[in-house]
Amino acid sequence: MRTIAIVNQKGGCGKTTTSINLAATLAARGLRTLLVDMDPQSHCAAGLGVPEDRIETGIAEALLAEPVGGEQPERMLWEVAKNLRLAPSTVALAGLEAARGGLAACVDRDARLAKLLDRLADRFDWCIIDCPPTIGLLTFNALRAADEALVPVETGYFALKGSERQVATIEAMAARLGRALPLRILPTLHRPDAKLASDLHAAIQRRHGAATLPVSIREHESLREAAGFGQPITEYAPASEACQDFVQLVAWLEANPVANTRGATAASLAVAPVEQPVPEATSPRMADLLARMRAHAGFSAEPASTTETTQQPAAEPAPAEGSA
Ligand SMILES: Nc1ncnc2c1ncn2[C@@H]1O[C@H](COP(=O)(O)OP(=O)(O)OP(=O)(O)O)[C@@H](O)[C@H]1O
Ligand SMILES: [Mg+2]
């Protein structure tokens with residue numbers, strides 16, 4: 001089972017939209033796919049038409065059970081489409097990050113999800129984990145359970161401004177895993193017709209180098225509509241350009257597998273570089289924006305190293321801070 005955490009502590013950058021539709025597109029290709037909702041907001045259930053009031057047991061109960069997942073972990077799964085199962089969240093998940101009780105009481109508190117997924121691994125080919133917009137224990141569990149992380153970054157000015165810090169924070173968390181975690185940037189909510197958005201897309205590539213995917217998820221009204229109707233884009237509008245974006249994302253991920261990082265050491269792994277030229281700023285407005293961003297604390301003028309996604313182990317325990 002190949003496990004991808006969709007992670008960014010910034011709210012509203014497209015994590016859930018990416019998670020739902022990536023998972024649905026994999027399933028539509030005939031791949032057995034598990035979608036795990038690690039966000040107490042339960043947006044995966046809402047976006048897939050699962051009525052929240054009918055979710056009796058979810059990921060929170062499974063993580064706290066002994067053994068993890070309980071006697072039959074598959075019983076919490078919802079069949080939302082052919083080949084697609086959802087491990088739903090409920091608001092109870094929010095309590096798991098409390099300083100006392102919840103996960104904090106477990107000795108293996110940051111490895112509970114990894115252990116749960118180990119029990120389900122032989123039933124699935126892919127697992128997509130939707131993370132909350134926080135950098136606490138739930139996100140850390142997702143990173144520990146993942147083979148790789150995908151970071152949706154909007155191609156908007158304010159979003160890009162914060163992207164360096166977001167990625168640095170995720171890298172810092174991943175460094176505490178004690179193993180490598182390939183981390184890739186997925187440009188989202190992209191508007192290729194807007195000059196500024198294209199320039200910002202180029203700036204993301206320049207800043208994050210080889211970790212930036214050559215495919216992006218454009219802004220599509222149909223993705224908002226699909227969520228509103230409780231359907232993945234594969235069902236709501238299978239012939240749409242939005243669906244095509246996800247087909248391309250799947251094709252790229254399939255063509256660029258990562259080594260199995262769980263159990264491997266950081267030094268033995270590196271992210272496969274993306275073969276593409278890195279464009280320059282193409283307009284005076286973009287040059288001005290970049291200059292302002294560089295002046296802003298924390299934005300480096302230097303391009304990132306292409307191996308920046310390989311972390312070194314650190315001794316400290318997982319962080320449990322608040323939302324960015
Ligand atoms: N590519 C897209 N095109 C159009 N709308 C989008 C796209 N991606 C996301 N959206 C919309 O933007 C809003 C935020 O998206 P989403 O819920 O996926 O973000 P998120 O990162 O999961 O948010 P949160 O941090 O609150 O969990 C939603 O209304 C969603 O429908
Ligand atoms: Mg979300």
# chains A, B, ... in the order shown; residues from 1 in each chain; ligands from 1
>>> residues_near_ligand(ligand="ligand 1", cutoff="8 Å", atoms="only C-alpha atoms and all ligand atoms", output="PyMOL selection string")
chain A and resi 8-19+39+41+43+130-133+152+188-190+217-225+227-228+242
>>> write_last_selection(atoms="C-alpha atoms", output="PDB file, in the first residue's frame")
ATOM      1  CA  ASN A   8      -0.404  21.902   4.900  1.00  0.00           C
ATOM      2  CA  GLN A   9      -1.193  23.720   8.120  1.00  0.00           C
ATOM      3  CA  LYS A  10      -2.633  26.586   6.087  1.00  0.00           C
ATOM      4  CA  GLY A  11      -6.422  26.407   5.995  1.00  0.00           C
ATOM      5  CA  GLY A  12      -8.358  26.306   2.757  1.00  0.00           C
ATOM      6  CA  CYS A  13      -5.478  25.517   0.397  1.00  0.00           C
ATOM      7  CA  GLY A  14      -7.214  22.499  -1.154  1.00  0.00           C
ATOM      8  CA  LYS A  15      -6.115  19.577   1.054  1.00  0.00           C
ATOM      9  CA  THR A  16      -9.541  17.960   1.260  1.00  0.00           C
ATOM     10  CA  THR A  17     -10.404  18.660  -2.377  1.00  0.00           C
ATOM     11  CA  THR A  18      -7.114  17.075  -3.398  1.00  0.00           C
ATOM     12  CA  SER A  19      -7.562  14.126  -1.030  1.00  0.00           C
ATOM     13  CA  ASP A  39      -9.437  16.316  10.293  1.00  0.00           C
ATOM     14  CA  GLN A  41     -14.034  18.918  10.579  1.00  0.00           C
ATOM     15  CA  HIS A  43     -15.046  17.326   5.386  1.00  0.00           C
ATOM     16  CA  ASP A 130      -6.362  14.215   4.572  1.00  0.00           C
ATOM     17  CA  CYS A 131      -4.677  16.237   7.341  1.00  0.00           C
ATOM     18  CA  PRO A 132      -6.180  19.007   9.484  1.00  0.00           C
ATOM     19  CA  PRO A 133      -4.939  22.602   9.152  1.00  0.00           C
ATOM     20  CA  PRO A 152      -0.979  21.710  -1.799  1.00  0.00           C
ATOM     21  CA  THR A 188      -3.500  24.159  -6.443  1.00  0.00           C
ATOM     22  CA  LEU A 189      -6.329  26.578  -7.135  1.00  0.00           C
ATOM     23  CA  HIS A 190      -4.217  27.531 -10.118  1.00  0.00           C
ATOM     24  CA  ILE A 217      -4.797  21.399  -9.945  1.00  0.00           C
ATOM     25  CA  ARG A 218      -6.431  24.368 -11.582  1.00  0.00           C
ATOM     26  CA  GLU A 219      -9.279  26.337 -10.085  1.00  0.00           C
ATOM     27  CA  HIS A 220     -12.497  24.758 -11.320  1.00  0.00           C
ATOM     28  CA  GLU A 221     -16.008  25.679 -10.301  1.00  0.00           C
ATOM     29  CA  SER A 222     -16.959  22.046 -10.887  1.00  0.00           C
ATOM     30  CA  LEU A 223     -14.788  20.995  -7.924  1.00  0.00           C
ATOM     31  CA  ARG A 224     -16.763  23.282  -5.626  1.00  0.00           C
ATOM     32  CA  GLU A 225     -20.036  22.049  -7.098  1.00  0.00           C
ATOM     33  CA  ALA A 227     -18.252  18.886  -3.065  1.00  0.00           C
ATOM     34  CA  GLY A 228     -21.604  20.599  -2.619  1.00  0.00           C
ATOM     35  CA  ALA A 242     -11.063  19.212 -13.339  1.00  0.00           C
TER      36      ALA A 242
END
>>> select_by_dssp(residues="stretch 42-95 of chain A", states="alpha helix (DSSP H)", output="JSON, numbers by chain")
{"A": [43, 44, 45, 46, 47, 59, 60, 61, 62, 63, 64]}
>>> write_last_selection(atoms="N, CA and C atoms", output="mmCIF file, in the first residue's frame")
data_model
loop_
_atom_site.group_PDB
_atom_site.id
_atom_site.type_symbol
_atom_site.label_atom_id
_atom_site.label_comp_id
_atom_site.auth_asym_id
_atom_site.auth_seq_id
_atom_site.Cartn_x
_atom_site.Cartn_y
_atom_site.Cartn_z
ATOM 1 N N HIS A 43 -14.691 16.856 6.727
ATOM 2 C CA HIS A 43 -15.046 17.326 5.386
ATOM 3 C C HIS A 43 -15.009 16.231 4.328
ATOM 4 N N CYS A 44 -14.236 15.176 4.558
ATOM 5 C CA CYS A 44 -14.219 14.084 3.564
ATOM 6 C C CYS A 44 -15.588 13.424 3.491
ATOM 7 N N ALA A 45 -16.185 13.196 4.662
ATOM 8 C CA ALA A 45 -17.526 12.596 4.667
ATOM 9 C C ALA A 45 -18.513 13.515 3.964
ATOM 10 N N ALA A 46 -18.464 14.801 4.294
ATOM 11 C CA ALA A 46 -19.398 15.746 3.677
ATOM 12 C C ALA A 46 -19.187 15.788 2.161
ATOM 13 N N GLY A 47 -17.937 15.810 1.745
ATOM 14 C CA GLY A 47 -17.637 15.916 0.313
ATOM 15 C C GLY A 47 -17.946 14.648 -0.456
ATOM 16 N N ILE A 59 -12.370 7.388 12.898
ATOM 17 C CA ILE A 59 -10.934 7.246 13.062
ATOM 18 C C ILE A 59 -10.512 7.497 14.524
ATOM 19 N N ALA A 60 -11.239 8.364 15.237
ATOM 20 C CA ALA A 60 -10.883 8.646 16.633
ATOM 21 C C ALA A 60 -11.006 7.387 17.487
ATOM 22 N N GLU A 61 -12.138 6.708 17.356
ATOM 23 C CA GLU A 61 -12.365 5.490 18.142
ATOM 24 C C GLU A 61 -11.346 4.417 17.758
ATOM 25 N N ALA A 62 -11.054 4.337 16.457
ATOM 26 C CA ALA A 62 -10.097 3.318 15.990
ATOM 27 C C ALA A 62 -8.697 3.576 16.555
ATOM 28 N N LEU A 63 -8.303 4.844 16.619
ATOM 29 C CA LEU A 63 -6.953 5.160 17.111
ATOM 30 C C LEU A 63 -6.814 4.884 18.603
ATOM 31 N N LEU A 64 -7.922 5.028 19.329
ATOM 32 C CA LEU A 64 -7.858 4.840 20.783
ATOM 33 C C LEU A 64 -8.085 3.391 21.209
#
>>> closest_residue(among="A:Arg29, A:Pro214, A:Leu103, A:Ile6", to="A:Val151", atoms="only C-alpha atoms")
A:Ile6
>>> closest_residue(among="A:Cys106, A:Met1, A:Ala239, A:Ala111", to="A:Phe140", atoms="only C-alpha atoms")
A:Ala111
>>> closest_residue(among="A:Leu35, A:Pro40, A:Asp147, A:Leu22", to="ligand 2", atoms="only C-alpha atoms and all ligand atoms")
A:Pro40
>>> closest_residue(among="A:Thr134, A:Pro67, A:Cys127, A:Ser163", to="ligand 2", atoms="only C-alpha atoms and all ligand atoms")
A:Thr134
>>> closest_residue(among="A:Gly162, A:Gly136, A:Pro192, A:Pro187", to="A:Ala99", atoms="only C-alpha atoms")
A:Gly136
>>> residues_around(residues="A:Glu254", least_positions_apart="5", cutoff="12 Å", atoms="only C-alpha atoms", output="MDAnalysis selection string")
chainID A and resid 2 22 26 29 31 125:126 247:249
>>> closest_residue(among="A:Leu116, A:Leu143, A:Gly30, A:Ile204", to="A:Ile4", atoms="only C-alpha atoms")
A:Leu143
>>> atom_distance(atom1="atom CA of A:Lys115", atom2="atom CA of A:Arg179")
16.6 Å
